[in-house]
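Visitor: Please see the structure below; I have some questions.
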Amino acid sequence: MRLLVYCFLCFLLVAHTVDGQQSFSEKRDSFLRIKSLVFPVAYYTPETNLALGASGLKLFNKLKEDSIRFTSYLNASAVITLREQFRFESNLILYSKGNKWNWITNFEYYYFPYNYYGLYNYRLVRTFEDVSLKRFTLNNKLYRLLGENTFIGLENQFKSVWGFEYVENGMFYYEIAKNFDQASSLGLGGMFRFDSRDNNLIPREGIYFNVEYLHYMNHYISNEGNSLTSFYNIFFDFRSYFKINDKVVNAFQFYADLNEGDVPFYKMASIGNSRRMRGYYFGMMLDENLIMIQDEIRFPIYKRLQGAAFAGIGTMHSVLHLGKIFFFPNAGGGLRYIADYDRGLCIRADIGFGKKSTRGFYLTVSDAF
């Protein structure tokens, strides 16, 4: 309970820091507010425990006459956690005039000790091992506007893992590490997107639909030599937003991550993180395929403070049409502090509950979806 209180105080501290930036910037033209800021980061998730660090945000100007253009921004963060994890992440999202082009690039480096529950842990067994690894990811997406709200694009992704530390002759060794010491995957593919949202960061109305297909080549390195395998991934993300009344918004998401072939453990789907199926430990269940839905009601509380209530259900399986299907529900609620609606900057605190008394508290930036 003390940890939850401490995290909530951190939430108020960060909100106050951003609000101070907002008050200073309100003297400027509305399209120039919060051009850039650096603020302390404090959040909590089940995977990290308490995380502390710093984050920088650069919001790019848009012309007054280009009112349909989405917000372009660059953000970077570096954090350390009470579990001795380290993460550096950078995200760049650029929209050209009239949203004609959209370039998204993501870079991340993790040193990540975490709980390993084994593959296919459908029954949510709590037995786990301490595992750590290093991970590097570079992802690029380039979209081209075809027609009103419609985009097509190309994507490439590179991911590498190495530096495994694990229990000798344990689950991770027999399921993963006996096969390779380090691995990397390179994926190439195409995308289609339809996006009619009124705001790309804090939407109130509209539809978002994104489908991606990538073919991956895996490179495994072990004491016995090198090997090459492959798999493909199909990804669906459908979201709809509509106003229940002038102040209350309903947000819905259907999400599917489907894989076929030799899928490495670091590319498997997982239920549970700060954006999807909140309440489950990320990595508690690993499998080739994930299908889930979630719904969230967002409502005002006082001035810039808003509340949210959410619920969802997901399923994971290796073969989509065979075997017993396990369902994992979740529900919860939270607070959002809207620092700048035009630019889409908000700070979010959520608590989620899952099956068999699993739960998680999340303190981070931006809406879940």
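Identifiers in this document derive from the order of the structure tokens: chains are assigned A, B, ..., residues are numbered from 1 separately in each chain, and ligands are numbered from 1 in order of occurrence.
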Would you list the contacts of Ala368 of chain A as a PDB file with all heavy atoms, in the first residue's frame, taking every protein, DNA or RNA residue within 8 Å and counting only C-alpha atoms, but skipping same-chain residues closer than 6 positions in sequence?

Guide:
ATOM      1  N   SER A 274       1.493  -2.197 -19.952  1.00  0.00           N
ATOM      2  CA  SER A 274       0.806  -0.966 -19.577  1.00  0.00           C
ATOM      3  C   SER A 274      -0.248  -0.540 -20.592  1.00  0.00           C
ATOM      4  O   SER A 274      -1.050   0.360 -20.310  1.00  0.00           O
ATOM      5  CB  SER A 274       1.821   0.172 -19.400  1.00  0.00           C
ATOM      6  OG  SER A 274       2.454   0.465 -20.637  1.00  0.00           O
ATOM      7  N   ARG A 275      -0.298  -1.187 -21.761  1.00  0.00           N
ATOM      8  CA  ARG A 275      -1.253  -0.821 -22.798  1.00  0.00           C
ATOM      9  C   ARG A 275      -2.269  -1.913 -23.119  1.00  0.00           C
ATOM     10  O   ARG A 275      -3.367  -1.607 -23.562  1.00  0.00           O
ATOM     11  CB  ARG A 275      -0.510  -0.442 -24.087  1.00  0.00           C
ATOM     12  CG  ARG A 275       0.358   0.796 -23.941  1.00  0.00           C
ATOM     13  CD  ARG A 275       1.044   1.153 -25.240  1.00  0.00           C
ATOM     14  NE  ARG A 275       1.844   2.363 -25.108  1.00  0.00           N
ATOM     15  CZ  ARG A 275       1.367   3.596 -25.236  1.00  0.00           C
ATOM     16  NH1 ARG A 275       0.090   3.782 -25.524  1.00  0.00           N
ATOM     17  NH2 ARG A 275       2.158   4.638 -25.101  1.00  0.00           N
ATOM     18  N   ARG A 276      -1.909  -3.167 -22.912  1.00  0.00           N
ATOM     19  CA  ARG A 276      -2.804  -4.265 -23.283  1.00  0.00           C
ATOM     20  C   ARG A 276      -2.948  -5.237 -22.128  1.00  0.00           C
ATOM     21  O   ARG A 276      -1.962  -5.703 -21.559  1.00  0.00           O
ATOM     22  CB  ARG A 276      -2.271  -5.000 -24.521  1.00  0.00           C
ATOM     23  CG  ARG A 276      -2.232  -4.146 -25.762  1.00  0.00           C
ATOM     24  CD  ARG A 276      -1.807  -4.968 -26.970  1.00  0.00           C
ATOM     25  NE  ARG A 276      -0.445  -5.452 -26.847  1.00  0.00           N
ATOM     26  CZ  ARG A 276       0.624  -4.746 -27.182  1.00  0.00           C
ATOM     27  NH1 ARG A 276       0.482  -3.513 -27.649  1.00  0.00           N
ATOM     28  NH2 ARG A 276       1.832  -5.251 -27.048  1.00  0.00           N
TER      29      ARG A 276
END

Visitor: Write out as a list in words the residues lying within 7 Å of Ser77 of chain A, counting only C-alpha atoms and excluding same-chain residues fewer than 2 positions away.

Guide: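 The residues satisfying every condition are Ala54, Ser55, Gly56, Asn75, Val79, Phe88, Glu89 and Ser90 of chain A.
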
Visitor: Would you write out those residues with N, CA and C atoms, as a PDB file, in the first residue's frame?

Guide:
ATOM      1  N   ALA A  54      14.669   9.914 -16.437  1.00  0.00           N
ATOM      2  CA  ALA A  54      14.360  11.197 -17.066  1.00  0.00           C
ATOM      3  C   ALA A  54      13.842  10.951 -18.471  1.00  0.00           C
ATOM      4  N   SER A  55      12.997  11.862 -18.921  1.00  0.00           N
ATOM      5  CA  SER A  55      12.416  11.751 -20.255  1.00  0.00           C
ATOM      6  C   SER A  55      12.413  13.123 -20.912  1.00  0.00           C
ATOM      7  N   GLY A  56      12.658  13.145 -22.202  1.00  0.00           N
ATOM      8  CA  GLY A  56      12.592  14.376 -22.967  1.00  0.00           C
ATOM      9  C   GLY A  56      11.544  14.264 -24.056  1.00  0.00           C
ATOM     10  N   ASN A  75      10.435  11.637 -28.630  1.00  0.00           N
ATOM     11  CA  ASN A  75      10.626  11.480 -27.195  1.00  0.00           C
ATOM     12  C   ASN A  75      11.697  10.428 -26.926  1.00  0.00           C
ATOM     13  N   VAL A  79      15.715   5.058 -17.963  1.00  0.00           N
ATOM     14  CA  VAL A  79      15.254   4.748 -16.615  1.00  0.00           C
ATOM     15  C   VAL A  79      16.037   3.572 -16.048  1.00  0.00           C
ATOM     16  N   PHE A  88      16.824   2.297 -22.289  1.00  0.00           N
ATOM     17  CA  PHE A  88      16.896   3.544 -23.054  1.00  0.00           C
ATOM     18  C   PHE A  88      16.032   3.360 -24.288  1.00  0.00           C
ATOM     19  N   GLU A  89      15.150   4.304 -24.520  1.00  0.00           N
ATOM     20  CA  GLU A  89      14.210   4.177 -25.640  1.00  0.00           C
ATOM     21  C   GLU A  89      14.014   5.530 -26.295  1.00  0.00           C
ATOM     22  N   SER A  90      13.904   5.515 -27.612  1.00  0.00           N
ATOM     23  CA  SER A  90      13.661   6.731 -28.375  1.00  0.00           C
ATOM     24  C   SER A  90      12.610   6.448 -29.443  1.00  0.00           C
TER      25      SER A  90
END

Visitor: Please return as JSON, numbers by chain: the residues of segment 110-279 of chain A that backbone DSSP assigns to strand (DSSP E).

Guide: {"A": [110, 111, 114, 115, 116, 129, 130, 131, 132, 133, 134, 135, 136, 137, 138, 139, 140, 141, 142, 143, 144, 145, 146, 147, 150, 151, 152, 153, 154, 155, 156, 157, 158, 159, 160, 161, 162, 163, 164, 165, 182, 183, 184, 185, 186, 187, 188, 189, 190, 191, 192, 193, 194, 195, 206, 207, 208, 209, 210, 211, 212, 213, 214, 215, 216, 217, 218, 219, 220, 221, 222, 225, 226, 227, 228, 229, 230, 231, 232, 233, 234, 235, 236, 237, 238, 239, 240, 241, 242, 243, 249, 250, 251, 252, 253, 254, 255, 256, 257, 258, 259, 260, 261, 269, 270]}

Visitor: Compile the contact shell of Thr364 of chain A as a VMD selection string: residues with an atom at most 8 Å away, counting only C-alpha atoms, same-chain residues fewer than 4 positions apart removed.

Guide: chain A and resid 42 to 44 274 347 to 349

Visitor: Restricting it to C-alpha atoms, dump the selection as a PDB file, in the first residue's frame.

Guide:
ATOM      1  CA  ALA A  42       8.639   7.781 -12.105  1.00  0.00           C
ATOM      2  CA  TYR A  43       6.387   4.845 -12.835  1.00  0.00           C
ATOM      3  CA  TYR A  44       5.509   1.419 -11.571  1.00  0.00           C
ATOM      4  CA  SER A 274       0.806  -0.966 -19.577  1.00  0.00           C
ATOM      5  CA  ILE A 347       0.095  11.352 -17.696  1.00  0.00           C
ATOM      6  CA  ARG A 348      -1.658   8.097 -16.807  1.00  0.00           C
ATOM      7  CA  ALA A 349      -2.001   6.058 -13.629  1.00  0.00           C
TER       8      ALA A 349
END

Visitor: If I take atom CA of Gly261 of chain A and atom CA of Met191 of chain A, how far is one from the other in Å, to one decimal?

Guide: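 We find that atom CA of Gly261 of chain A and atom CA of Met191 of chain A lie 20.2 Å from each other.
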
Visitor: Name all residues at most 12 Å from Asn223 of chain A (count only C-alpha atoms; drop same-chain ones fewer than 6 positions away) and give them as a list in words.

Guide: Ala177, Lys178, Asn179, Phe180, Asp181 and Gln182 of chain A

Visitor: For the residues in that selection, give me N, CA and C atoms as a CSV table (one decimal), in the first residue's frame.

Guide:
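selection-v7.csv was written with the following content:
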chain,number,residue,atom,x,y,z
A,177,ALA,N,17.7,-21.6,-23.7
A,177,ALA,CA,19.2,-21.4,-23.7
A,177,ALA,C,20.0,-22.6,-24.2
A,178,LYS,N,19.5,-23.8,-24.1
A,178,LYS,CA,20.3,-24.9,-24.6
A,178,LYS,C,20.3,-24.9,-26.1
A,179,ASN,N,19.5,-24.1,-26.8
A,179,ASN,CA,19.4,-24.1,-28.2
A,179,ASN,C,20.3,-23.0,-28.8
A,180,PHE,N,20.5,-21.9,-28.1
A,180,PHE,CA,21.4,-20.8,-28.6
A,180,PHE,C,21.8,-19.9,-27.5
A,181,ASP,N,22.9,-19.2,-27.7
A,181,ASP,CA,23.5,-18.3,-26.7
A,181,ASP,C,23.1,-16.8,-27.0
A,182,GLN,N,22.9,-16.5,-28.3
A,182,GLN,CA,22.4,-15.2,-28.7
A,182,GLN,C,21.6,-15.4,-30.0

Visitor: If you take only C-alpha atoms and a cut-off of 7 Å, which residues of segment 145-234 of chain A touch segment 97-120 of chain A, and what are their nearest atom pairs and distances in Å to one decimal, in chain and number order, as a tab-separated table?

Guide:
residue	atom	partner	partner_atom	distance
A:Leu145	CA	A:Lys100	CA	4.8
A:Met171	CA	A:Gly118	CA	6.3
A:Phe172	CA	A:Gly118	CA	6.8

Visitor: Write the residues you've just listed into a file as a compact mmCIF listing (two decimals), in the first residue's frame, and include N, CA, C and O atoms for each of them.

Guide:
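Result file follows (result_0.txt):
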# COMPACT_ATOMS: atom_id res chain seq x y z
N LEU A 145 0.22 8.45 -47.80
CA LEU A 145 -1.22 8.69 -47.89
C LEU A 145 -1.73 8.34 -49.28
O LEU A 145 -1.23 8.85 -50.29
N MET A 171 14.15 -24.06 -16.14
CA MET A 171 13.18 -23.97 -17.24
C MET A 171 13.75 -23.22 -18.43
O MET A 171 13.62 -23.65 -19.58
N PHE A 172 14.35 -22.06 -18.16
CA PHE A 172 14.84 -21.24 -19.26
C PHE A 172 15.94 -21.96 -20.04
O PHE A 172 16.00 -21.88 -21.27

Visitor: Work out how far apart atom CA of Asp195 of chain A and atom CA of Pro329 of chain A are and give it in Å to one decimal.

Guide: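 Rounded to one decimal, the two atoms are 27.9 Å apart.
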
Visitor: Find the distance between atom CA of Asn226 of chain A and atom CA of Phe128 of chain A and write it in Å to one decimal.

Guide: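 Computing it gives 29.4 Å between the two atoms.
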
Visitor: Which residues are close to segment 150-155 of chain A, i.e. within 9 Å by only C-alpha atoms, leaving aside same-chain residues fewer than 6 positions away? Reply as a PyMOL selection string.

Guide: chain A and resi 100-102+139-144+187-196+212-214

Visitor: Can you pull out the residues contacting Thr48 of chain A? Cut-off 7 Å, using only C-alpha atoms, and skip same-chain residues under 3 positions away; I want them as an mmCIF file with C-alpha atoms, in the first residue's frame.

Guide:
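What ended up in out_36.cif:
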data_model
loop_
_atom_site.group_PDB
_atom_site.id
_atom_site.type_symbol
_atom_site.label_atom_id
_atom_site.label_comp_id
_atom_site.auth_asym_id
_atom_site.auth_seq_id
_atom_site.Cartn_x
_atom_site.Cartn_y
_atom_site.Cartn_z
ATOM 1 C CA TYR A 44 5.509 1.419 -11.571
ATOM 2 C CA THR A 45 4.625 -1.766 -13.439
ATOM 3 C CA ALA A 51 11.304 2.923 -12.131
ATOM 4 C CA THR A 81 14.377 0.264 -11.774
ATOM 5 C CA ARG A 83 14.937 -4.637 -10.117
#

Visitor: What lies within 12 Å of segment 356-362 of chain A using only C-alpha atoms, ignoring chain neighbours under 3 positions off, as a PyMOL selection string?

Guide: chain A and resi 1+3-8+10-11+42-51+122-126+272-282+284+328-336+347-353+365-368
